[in-house]
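Colleague: Just dropping this structure here.
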Amino acid sequence: MQILSSPFYGVSGSFESIATTTVAAGGTGTITFSAIPSTYTHLQIRAFGQTNRGSVSYDGAQMRINGDTASNYSAHNLTGTGSAASSSSSLTTYMQLPWVGFGTTTGSNWGGSIIDILDYANTSKFKTIRALGGADGNGSGYVTLTSGNWRSTSAITSITFVPDGGTTWSQYTQFALYGIKG
Amino acid sequence: MPATYEPIATTTLGSTQNQVDFNTISSAYTDLVLVFNGGVTSTADIWLRMNSDTGSNYSRTRLTGDGSTAASTRNSAASSIFVSVGTVGTNANMIIHVFNYANATTYKTTLTRFNSSAYTAASTGIWRSTSAITSLTLKAEAADTFTSGSTFTLYGIKAA
Amino acid sequence: MAVTHKLIQTITVGSGGSASIDFTSIPQTYTDLLVLYSARSARAAVGDDVYIRFNGLSTNLSSRTLYGTGSATASYSDASVAYIGYAVGDTSTASVFSNGNIYIPNYVGSTNKSVSGDVVSENNATGATQQFAAGLWSSTAAITQLTIYCLNGNFKQYSSASLYGIKNS
């Protein structure tokens with residue numbers, strides 16, 4: 001096996017880290033990326049997390065853009081429940097990203113998600129989100145491909161995530177924002 | 001300091017082999033991405049293990065399409081994360097994401113896309129250990145082997 | 001050492017639309033290829049199928065697909081084309097484009113070319129598509145050209161695709 005070393009310290013090509021939020025002790029209700037530079041073409045958010053939703057083992061995330069709380073969002077899902085494939089939709093005041101994989105009653109189960117937003121600063125397009133996410137709980141769990149849309153041609157400058165069922169993101173939850181040049 | 005998206009290690013098999021190990025993985029990154037392209041002999045599945053753990057500490061939920069049926073299944077308390085589906089064949093690719101692999105507080109979560117000439121699938125898995133991941137193993141089921149020419153590359157993604 | 005994740009080219013469709021998006025003379029210096037695309041078709045329907053072909057050839061292609069519609073799920077296969085994605089059609093909500101990625105590992109290797117595709121479309125209605133696809137080009141030739149095209153219509157203005165090279169060393 002070839003083990004590699006890189007002399008290119010700090011050189012990241014087309015894929016660059018913009019900002020990272022890691023939740024501290026005590027948790028937090030909202031995770032926000034603000035002042036997103038318009039210098040990239042696409043964005044990717046890599047999320048790893050858990051909420052305090054205690055009644056069930058899983059939670060999701062409500063995603064909003066530029067502080068818009070109006071009914072300018074739609075979302076649809078293709079989900080594997082462990083026993084069946086299913087599909088659903090929501091048309092509301094946020095994009096619902098289910099099984100982005102958060103929430104546990106055991107304290108140690110965490111979900112992961114990769115959220116891609118193409119042409120986030122393009123003022124000729126509404127903004128379409130693609131999210132692959134899931135969480136497995138050793139006898140339960142979901143894996144989902146989600147589509148979302150924000151019906152606005154404005155460039156995206158901020159993104160927020162709040163738990164869908166719980167009230168706080170748990171300590172160690174991490175959302176990392178990356179920019180992709182195009 | 002690592003770049004944001006960086007190769008860590010790569011191998012191309014010159015002959016058939018039962019497993020490929022990525023050892024002494026640096027803790028400097030945030031997520032890992034493991035890309036596989038190739039095949040397996042016989043009808044073997046492909047298994048993913050962390051830190052050489054062969055205990056029943058893995059599970060996964062998956063969503064599959066075989067060209068006629070959409071389905072979802074689950075595997076619990078297993079000795080590996082089963083990352084492939086059905087007969088892998090010789091023309092398969094797989095992209096495995098491992099989140100926050102160096103975190104010593106949480107269990108470890110994976111997301112996998114698997115594609116072959118028989119299936120397309122997505123799955124999520126968990127390794128129920130709070131240990132930081134220092135090695136990853138992709139293994140063909142039982143005594144079966146990966147085909148010669150199969151490629152395995154591990155990338156690191158570093159958050160700011 | 002070369003940069004790992006590198007933009008090779010971006011193509012944006014102009015005002016007249018385009019039957020296809022073609023990446024030609026693809027450098028052979030990377031290990032994998034990644035395409036990120038945002039597509040809308042002129043087809044007078046909710047959506048349009050997006051296919052991929054290589055090196056200008058339309059043979060030895062196949063695919064399997066898994067998708068959701070917002071209310072149902074299904075899977076199907078193609079034995080003569082590589083169905084790899086989806087474009088929003090022109091009766092869907094205006095200004096909406098699909099969001100997809102295509103990953104091709106080992107594109108210059110001497111094995112058959114296995115392709116991974118994830119794509120979503122959106123619509124301010126119950127119906128929208130989320131899709132996984134596995135494509136296969138049964139050819140041991142290195143990929144030097146990559147074409148994506150809609151089955152029924154042209155790509156509309158502002159449709160775009162970016163091609164990236166991913167290098168494993």
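In the structure tokens, the first chain shown is A, the next is B, and so on; residue numbers restart at 1 for each chain, and ligands run from 1 in the order shown.
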Near segment 94-111 of chain C, counting only C-alpha atoms, which residues have an atom at most 6 Å away, once you skip same-chain residues fewer than 4 positions from it, shown as a list in words?
Modeller: Lys125 and Phe126 of chain A; Thr31, Asp32, Leu33, Leu34, Val35, Leu36, Tyr37, Ser38, Ala39, Arg40, Ala87, Val88, Val115, Ser116, Gly117, Asp118, Val119, Val120, Ser121, Thr140, Ala142 and Ile143 of chain C
Colleague: Please produce an output containing C-alpha atoms for each residue in the selection, written as a PDB file, in the first residue's frame.
Modeller:
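Saved result, selection.pdb, follows:
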ATOM      1  CA  LYS A 125     -32.175  29.890 -10.031  1.00  0.00           C
ATOM      2  CA  PHE A 126     -34.184  28.803  -7.052  1.00  0.00           C
TER       3      PHE A 126
ATOM      4  CA  THR C  31      -7.757   9.023 -10.612  1.00  0.00           C
ATOM      5  CA  ASP C  32     -11.498   9.650 -10.370  1.00  0.00           C
ATOM      6  CA  LEU C  33     -13.941  12.086 -11.955  1.00  0.00           C
ATOM      7  CA  LEU C  34     -16.734  13.976 -10.238  1.00  0.00           C
ATOM      8  CA  VAL C  35     -19.474  15.860 -12.054  1.00  0.00           C
ATOM      9  CA  LEU C  36     -21.776  18.256 -10.206  1.00  0.00           C
ATOM     10  CA  TYR C  37     -24.703  19.303 -12.345  1.00  0.00           C
ATOM     11  CA  SER C  38     -27.733  21.537 -12.112  1.00  0.00           C
ATOM     12  CA  ALA C  39     -30.202  20.808 -14.906  1.00  0.00           C
ATOM     13  CA  ARG C  40     -33.521  21.851 -16.338  1.00  0.00           C
ATOM     14  CA  ALA C  87     -33.474  17.144 -14.983  1.00  0.00           C
ATOM     15  CA  VAL C  88     -36.412  19.227 -13.835  1.00  0.00           C
ATOM     16  CA  VAL C 115     -20.520   4.992 -12.347  1.00  0.00           C
ATOM     17  CA  SER C 116     -22.371   6.307  -9.297  1.00  0.00           C
ATOM     18  CA  GLY C 117     -25.134   8.907  -9.628  1.00  0.00           C
ATOM     19  CA  ASP C 118     -27.229  10.734  -7.026  1.00  0.00           C
ATOM     20  CA  VAL C 119     -29.762  13.319  -8.130  1.00  0.00           C
ATOM     21  CA  VAL C 120     -32.778  15.170  -6.823  1.00  0.00           C
ATOM     22  CA  SER C 121     -35.345  17.371  -8.459  1.00  0.00           C
ATOM     23  CA  THR C 140     -11.673  -1.018 -20.701  1.00  0.00           C
ATOM     24  CA  ALA C 142      -9.774   5.260 -20.618  1.00  0.00           C
ATOM     25  CA  ILE C 143     -12.446   7.951 -20.520  1.00  0.00           C
TER      26      ILE C 143
END
Colleague: Excluding same-chain residues fewer than 2 positions from Arg46 of chain A, what lies within 6 Å of it counting only C-alpha atoms, as a list in words?
Modeller: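 Listing them by chain and then by number gives Ser113, Ile114, Phe175 and Ala176 of chain A.
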Colleague: Interatomic distance between atom CA of Ala134 of chain C and atom CA of Ile157 of chain B?
Modeller: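 Atom CA of Ile157 of chain B lies at a distance of 24.8 Å from atom CA of Ala134 of chain C.
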Colleague: Could you please tell me, as a ChimeraX atom specification, which residues of chain B have an atom within 8 Å of chain A when using only C-alpha atoms?
Modeller: /B:1-12,58-63,70-77,99-100,106-111,122-126,158-160
Colleague: Restrict the selected residues to N, CA and C atoms and save them as a short mmCIF file (atom, residue, chain, number, x, y, z; two decimals), in the first residue's frame.
Modeller:
data_model
loop_
_atom_site.label_atom_id
_atom_site.label_comp_id
_atom_site.auth_asym_id
_atom_site.auth_seq_id
_atom_site.Cartn_x
_atom_site.Cartn_y
_atom_site.Cartn_z
N MET B 1 0.08 20.86 8.36
CA MET B 1 -1.38 21.00 8.38
C MET B 1 -1.93 20.39 7.09
N PRO B 2 -2.92 19.50 7.19
CA PRO B 2 -3.43 18.87 5.98
C PRO B 2 -4.29 19.84 5.19
N ALA B 3 -4.35 19.58 3.90
CA ALA B 3 -5.27 20.31 3.04
C ALA B 3 -6.69 19.87 3.38
N THR B 4 -7.70 20.56 2.80
CA THR B 4 -9.08 20.25 3.13
C THR B 4 -9.46 18.85 2.68
N TYR B 5 -9.09 18.49 1.46
CA TYR B 5 -9.46 17.19 0.89
C TYR B 5 -8.18 16.57 0.40
N GLU B 6 -7.77 15.48 1.02
CA GLU B 6 -6.42 14.99 0.79
C GLU B 6 -6.38 13.47 0.77
N PRO B 7 -5.63 12.87 -0.14
CA PRO B 7 -5.46 11.42 -0.10
C PRO B 7 -4.57 11.04 1.07
N ILE B 8 -4.94 9.96 1.73
CA ILE B 8 -4.15 9.45 2.85
C ILE B 8 -3.36 8.23 2.42
N ALA B 9 -4.02 7.30 1.75
CA ALA B 9 -3.35 6.08 1.30
C ALA B 9 -4.15 5.47 0.16
N THR B 10 -3.45 4.73 -0.67
CA THR B 10 -4.12 4.07 -1.79
C THR B 10 -3.44 2.74 -2.08
N THR B 11 -4.22 1.78 -2.60
CA THR B 11 -3.64 0.52 -3.02
C THR B 11 -4.41 -0.03 -4.20
N THR B 12 -3.69 -0.64 -5.11
CA THR B 12 -4.27 -1.36 -6.24
C THR B 12 -3.76 -2.79 -6.15
N TYR B 58 -21.44 -3.85 15.33
CA TYR B 58 -21.78 -3.13 14.11
C TYR B 58 -23.24 -3.37 13.74
N SER B 59 -23.79 -2.41 13.01
CA SER B 59 -25.13 -2.58 12.45
C SER B 59 -25.29 -1.60 11.30
N ARG B 60 -26.33 -1.86 10.46
CA ARG B 60 -26.56 -0.94 9.36
C ARG B 60 -28.01 -1.05 8.88
N THR B 61 -28.47 0.05 8.31
CA THR B 61 -29.77 0.14 7.66
C THR B 61 -29.52 0.54 6.21
N ARG B 62 -30.16 -0.13 5.28
CA ARG B 62 -29.87 0.18 3.88
C ARG B 62 -31.13 0.26 3.05
N LEU B 63 -30.96 0.91 1.90
CA LEU B 63 -32.01 1.13 0.91
C LEU B 63 -31.45 0.65 -0.42
N ALA B 70 -37.68 -1.69 -5.13
CA ALA B 70 -37.07 -0.84 -4.11
C ALA B 70 -37.31 -1.49 -2.76
N ALA B 71 -36.28 -1.60 -1.95
CA ALA B 71 -36.42 -2.31 -0.68
C ALA B 71 -35.51 -1.70 0.37
N SER B 72 -35.75 -2.10 1.60
CA SER B 72 -34.90 -1.65 2.70
C SER B 72 -34.78 -2.79 3.70
N THR B 73 -33.58 -2.99 4.19
CA THR B 73 -33.34 -4.04 5.16
C THR B 73 -32.42 -3.54 6.26
N ARG B 74 -32.30 -4.35 7.28
CA ARG B 74 -31.49 -3.98 8.44
C ARG B 74 -30.66 -5.18 8.88
N ASN B 75 -29.51 -4.86 9.43
CA ASN B 75 -28.63 -5.89 9.97
C ASN B 75 -28.13 -5.35 11.31
N SER B 76 -28.30 -6.12 12.38
CA SER B 76 -27.96 -5.63 13.72
C SER B 76 -27.00 -6.57 14.43
N ALA B 77 -26.29 -6.03 15.39
CA ALA B 77 -25.37 -6.79 16.25
C ALA B 77 -24.49 -7.71 15.42
N PHE B 99 -17.85 9.67 9.57
CA PHE B 99 -17.94 11.00 10.17
C PHE B 99 -17.22 11.05 11.52
N ASN B 100 -16.53 12.17 11.73
CA ASN B 100 -15.90 12.43 13.04
C ASN B 100 -15.20 11.19 13.59
N THR B 106 -18.14 9.71 20.93
CA THR B 106 -19.35 9.22 20.29
C THR B 106 -19.10 7.90 19.57
N TYR B 107 -20.18 7.18 19.31
CA TYR B 107 -20.11 6.06 18.38
C TYR B 107 -19.81 6.60 16.98
N LYS B 108 -19.44 5.71 16.09
CA LYS B 108 -18.97 6.13 14.78
C LYS B 108 -20.01 5.78 13.70
N THR B 109 -20.35 6.79 12.90
CA THR B 109 -21.41 6.67 11.90
C THR B 109 -20.84 6.68 10.50
N THR B 110 -21.39 5.85 9.64
CA THR B 110 -20.97 5.80 8.24
C THR B 110 -22.18 6.02 7.32
N LEU B 111 -21.90 6.54 6.15
CA LEU B 111 -22.85 6.59 5.04
C LEU B 111 -22.15 5.98 3.84
N ALA B 122 -27.90 2.73 -0.89
CA ALA B 122 -27.34 3.63 0.11
C ALA B 122 -27.56 3.01 1.47
N SER B 123 -26.61 3.18 2.36
CA SER B 123 -26.76 2.60 3.69
C SER B 123 -26.10 3.49 4.73
N THR B 124 -26.59 3.35 5.94
CA THR B 124 -25.96 4.00 7.07
C THR B 124 -25.57 2.93 8.07
N GLY B 125 -24.41 3.08 8.66
CA GLY B 125 -23.93 2.07 9.59
C GLY B 125 -23.40 2.71 10.86
N ILE B 126 -23.22 1.89 11.85
CA ILE B 126 -22.66 2.38 13.11
C ILE B 126 -21.71 1.35 13.69
N LYS B 158 -10.78 17.75 6.09
CA LYS B 158 -10.46 18.51 7.27
C LYS B 158 -11.34 19.75 7.36
N ALA B 159 -12.14 19.82 8.42
CA ALA B 159 -12.96 21.01 8.64
C ALA B 159 -12.11 22.11 9.27
N ALA B 160 -12.55 23.33 9.05
CA ALA B 160 -11.81 24.48 9.59
C ALA B 160 -11.80 24.47 11.11
#
Colleague: Pull out every residue of chain B sitting within 9 Å of chain C, counting only C-alpha atoms, and send them as a ChimeraX atom specification.
Modeller: /B:3,5-10,35-38,63-71,90-95,113-122,149,151,153-155
Colleague: Counting only C-alpha atoms, figure out which residue out of A:Met63, A:Val162, A:Leu118, A:Ile156 gets nearest to chain C.
Modeller: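 Nearest candidate to chain C out of A:Met63, A:Val162, A:Leu118, A:Ile156: A:Leu118.
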Colleague: Please identify all polymer residues within 9 Å of segment 138-147 of chain B, counting only C-alpha atoms, omitting same-chain residues fewer than 5 positions from it, and present them as an MDAnalysis selection string.
Modeller: chainID B and resid 13:22 38:49 90 152
Colleague: Please write the residues from the selection above to a file, keeping N, CA and C atoms, as a PDB file, in the first residue's frame.
Modeller:
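The result, written out as part_14.pdb:
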ATOM      1  N   LEU B  13      -4.687  -3.725  -6.151  1.00  0.00           N
ATOM      2  CA  LEU B  13      -4.298  -5.121  -5.978  1.00  0.00           C
ATOM      3  C   LEU B  13      -3.670  -5.674  -7.251  1.00  0.00           C
ATOM      4  N   GLY B  14      -2.498  -6.295  -7.058  1.00  0.00           N
ATOM      5  CA  GLY B  14      -1.852  -6.957  -8.181  1.00  0.00           C
ATOM      6  C   GLY B  14      -2.256  -8.411  -8.294  1.00  0.00           C
ATOM      7  N   SER B  15      -2.968  -8.903  -7.272  1.00  0.00           N
ATOM      8  CA  SER B  15      -3.498 -10.260  -7.287  1.00  0.00           C
ATOM      9  C   SER B  15      -4.685 -10.275  -6.334  1.00  0.00           C
ATOM     10  N   THR B  16      -5.408 -11.393  -6.306  1.00  0.00           N
ATOM     11  CA  THR B  16      -6.580 -11.444  -5.419  1.00  0.00           C
ATOM     12  C   THR B  16      -6.138 -11.401  -3.965  1.00  0.00           C
ATOM     13  N   GLN B  17      -7.023 -10.861  -3.140  1.00  0.00           N
ATOM     14  CA  GLN B  17      -6.667 -10.636  -1.737  1.00  0.00           C
ATOM     15  C   GLN B  17      -7.925 -10.607  -0.914  1.00  0.00           C
ATOM     16  N   ASN B  18      -7.895 -11.144   0.303  1.00  0.00           N
ATOM     17  CA  ASN B  18      -9.098 -11.234   1.129  1.00  0.00           C
ATOM     18  C   ASN B  18      -9.467  -9.904   1.762  1.00  0.00           C
ATOM     19  N   GLN B  19      -8.462  -9.132   2.165  1.00  0.00           N
ATOM     20  CA  GLN B  19      -8.800  -7.872   2.808  1.00  0.00           C
ATOM     21  C   GLN B  19      -7.725  -6.829   2.555  1.00  0.00           C
ATOM     22  N   VAL B  20      -8.155  -5.573   2.732  1.00  0.00           N
ATOM     23  CA  VAL B  20      -7.252  -4.432   2.606  1.00  0.00           C
ATOM     24  C   VAL B  20      -7.386  -3.605   3.878  1.00  0.00           C
ATOM     25  N   ASP B  21      -6.260  -3.277   4.457  1.00  0.00           N
ATOM     26  CA  ASP B  21      -6.244  -2.535   5.717  1.00  0.00           C
ATOM     27  C   ASP B  21      -5.633  -1.155   5.531  1.00  0.00           C
ATOM     28  N   PHE B  22      -6.249  -0.187   6.131  1.00  0.00           N
ATOM     29  CA  PHE B  22      -5.659   1.143   6.266  1.00  0.00           C
ATOM     30  C   PHE B  22      -5.342   1.322   7.750  1.00  0.00           C
ATOM     31  N   GLY B  38     -13.886  -2.020  -8.132  1.00  0.00           N
ATOM     32  CA  GLY B  38     -13.369  -3.346  -8.476  1.00  0.00           C
ATOM     33  C   GLY B  38     -14.425  -4.400  -8.278  1.00  0.00           C
ATOM     34  N   GLY B  39     -14.011  -5.530  -7.725  1.00  0.00           N
ATOM     35  CA  GLY B  39     -14.962  -6.614  -7.571  1.00  0.00           C
ATOM     36  C   GLY B  39     -14.501  -7.646  -6.565  1.00  0.00           C
ATOM     37  N   VAL B  40     -15.330  -8.641  -6.375  1.00  0.00           N
ATOM     38  CA  VAL B  40     -14.992  -9.775  -5.515  1.00  0.00           C
ATOM     39  C   VAL B  40     -15.276 -11.062  -6.270  1.00  0.00           C
ATOM     40  N   THR B  41     -14.589 -12.098  -5.864  1.00  0.00           N
ATOM     41  CA  THR B  41     -14.826 -13.416  -6.445  1.00  0.00           C
ATOM     42  C   THR B  41     -16.058 -14.028  -5.802  1.00  0.00           C
ATOM     43  N   SER B  42     -16.569 -15.012  -6.416  1.00  0.00           N
ATOM     44  CA  SER B  42     -17.713 -15.748  -5.898  1.00  0.00           C
ATOM     45  C   SER B  42     -18.882 -14.789  -5.632  1.00  0.00           C
ATOM     46  N   THR B  43     -19.635 -15.030  -4.617  1.00  0.00           N
ATOM     47  CA  THR B  43     -20.795 -14.180  -4.304  1.00  0.00           C
ATOM     48  C   THR B  43     -20.589 -13.432  -3.007  1.00  0.00           C
ATOM     49  N   ALA B  44     -19.349 -13.133  -2.693  1.00  0.00           N
ATOM     50  CA  ALA B  44     -19.010 -12.551  -1.396  1.00  0.00           C
ATOM     51  C   ALA B  44     -19.602 -11.162  -1.203  1.00  0.00           C
ATOM     52  N   ASP B  45     -19.949 -10.868   0.038  1.00  0.00           N
ATOM     53  CA  ASP B  45     -20.250  -9.503   0.456  1.00  0.00           C
ATOM     54  C   ASP B  45     -18.935  -8.803   0.772  1.00  0.00           C
ATOM     55  N   ILE B  46     -19.026  -7.495   0.981  1.00  0.00           N
ATOM     56  CA  ILE B  46     -17.878  -6.709   1.431  1.00  0.00           C
ATOM     57  C   ILE B  46     -18.197  -6.174   2.815  1.00  0.00           C
ATOM     58  N   TRP B  47     -17.268  -6.367   3.707  1.00  0.00           N
ATOM     59  CA  TRP B  47     -17.448  -5.967   5.091  1.00  0.00           C
ATOM     60  C   TRP B  47     -16.507  -4.815   5.440  1.00  0.00           C
ATOM     61  N   LEU B  48     -16.957  -3.953   6.328  1.00  0.00           N
ATOM     62  CA  LEU B  48     -16.130  -2.849   6.823  1.00  0.00           C
ATOM     63  C   LEU B  48     -15.961  -3.021   8.324  1.00  0.00           C
ATOM     64  N   ARG B  49     -14.724  -2.945   8.768  1.00  0.00           N
ATOM     65  CA  ARG B  49     -14.448  -3.019  10.200  1.00  0.00           C
ATOM     66  C   ARG B  49     -13.553  -1.862  10.614  1.00  0.00           C
ATOM     67  N   THR B  90     -17.858  -7.977 -10.620  1.00  0.00           N
ATOM     68  CA  THR B  90     -16.532  -7.441 -10.928  1.00  0.00           C
ATOM     69  C   THR B  90     -16.554  -5.976 -11.327  1.00  0.00           C
ATOM     70  N   PHE B 152      -8.436   0.808  -3.919  1.00  0.00           N
ATOM     71  CA  PHE B 152      -8.941   1.282  -2.628  1.00  0.00           C
ATOM     72  C   PHE B 152      -8.179   2.565  -2.300  1.00  0.00           C
TER      73      PHE B 152
END
Colleague: Please measure the separation of atom CA of Asn72 of chain A and atom CA of Gly148 of chain A, giving the value in Å to one decimal.
Modeller: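 Interatomic distance here is 10.7 Å.
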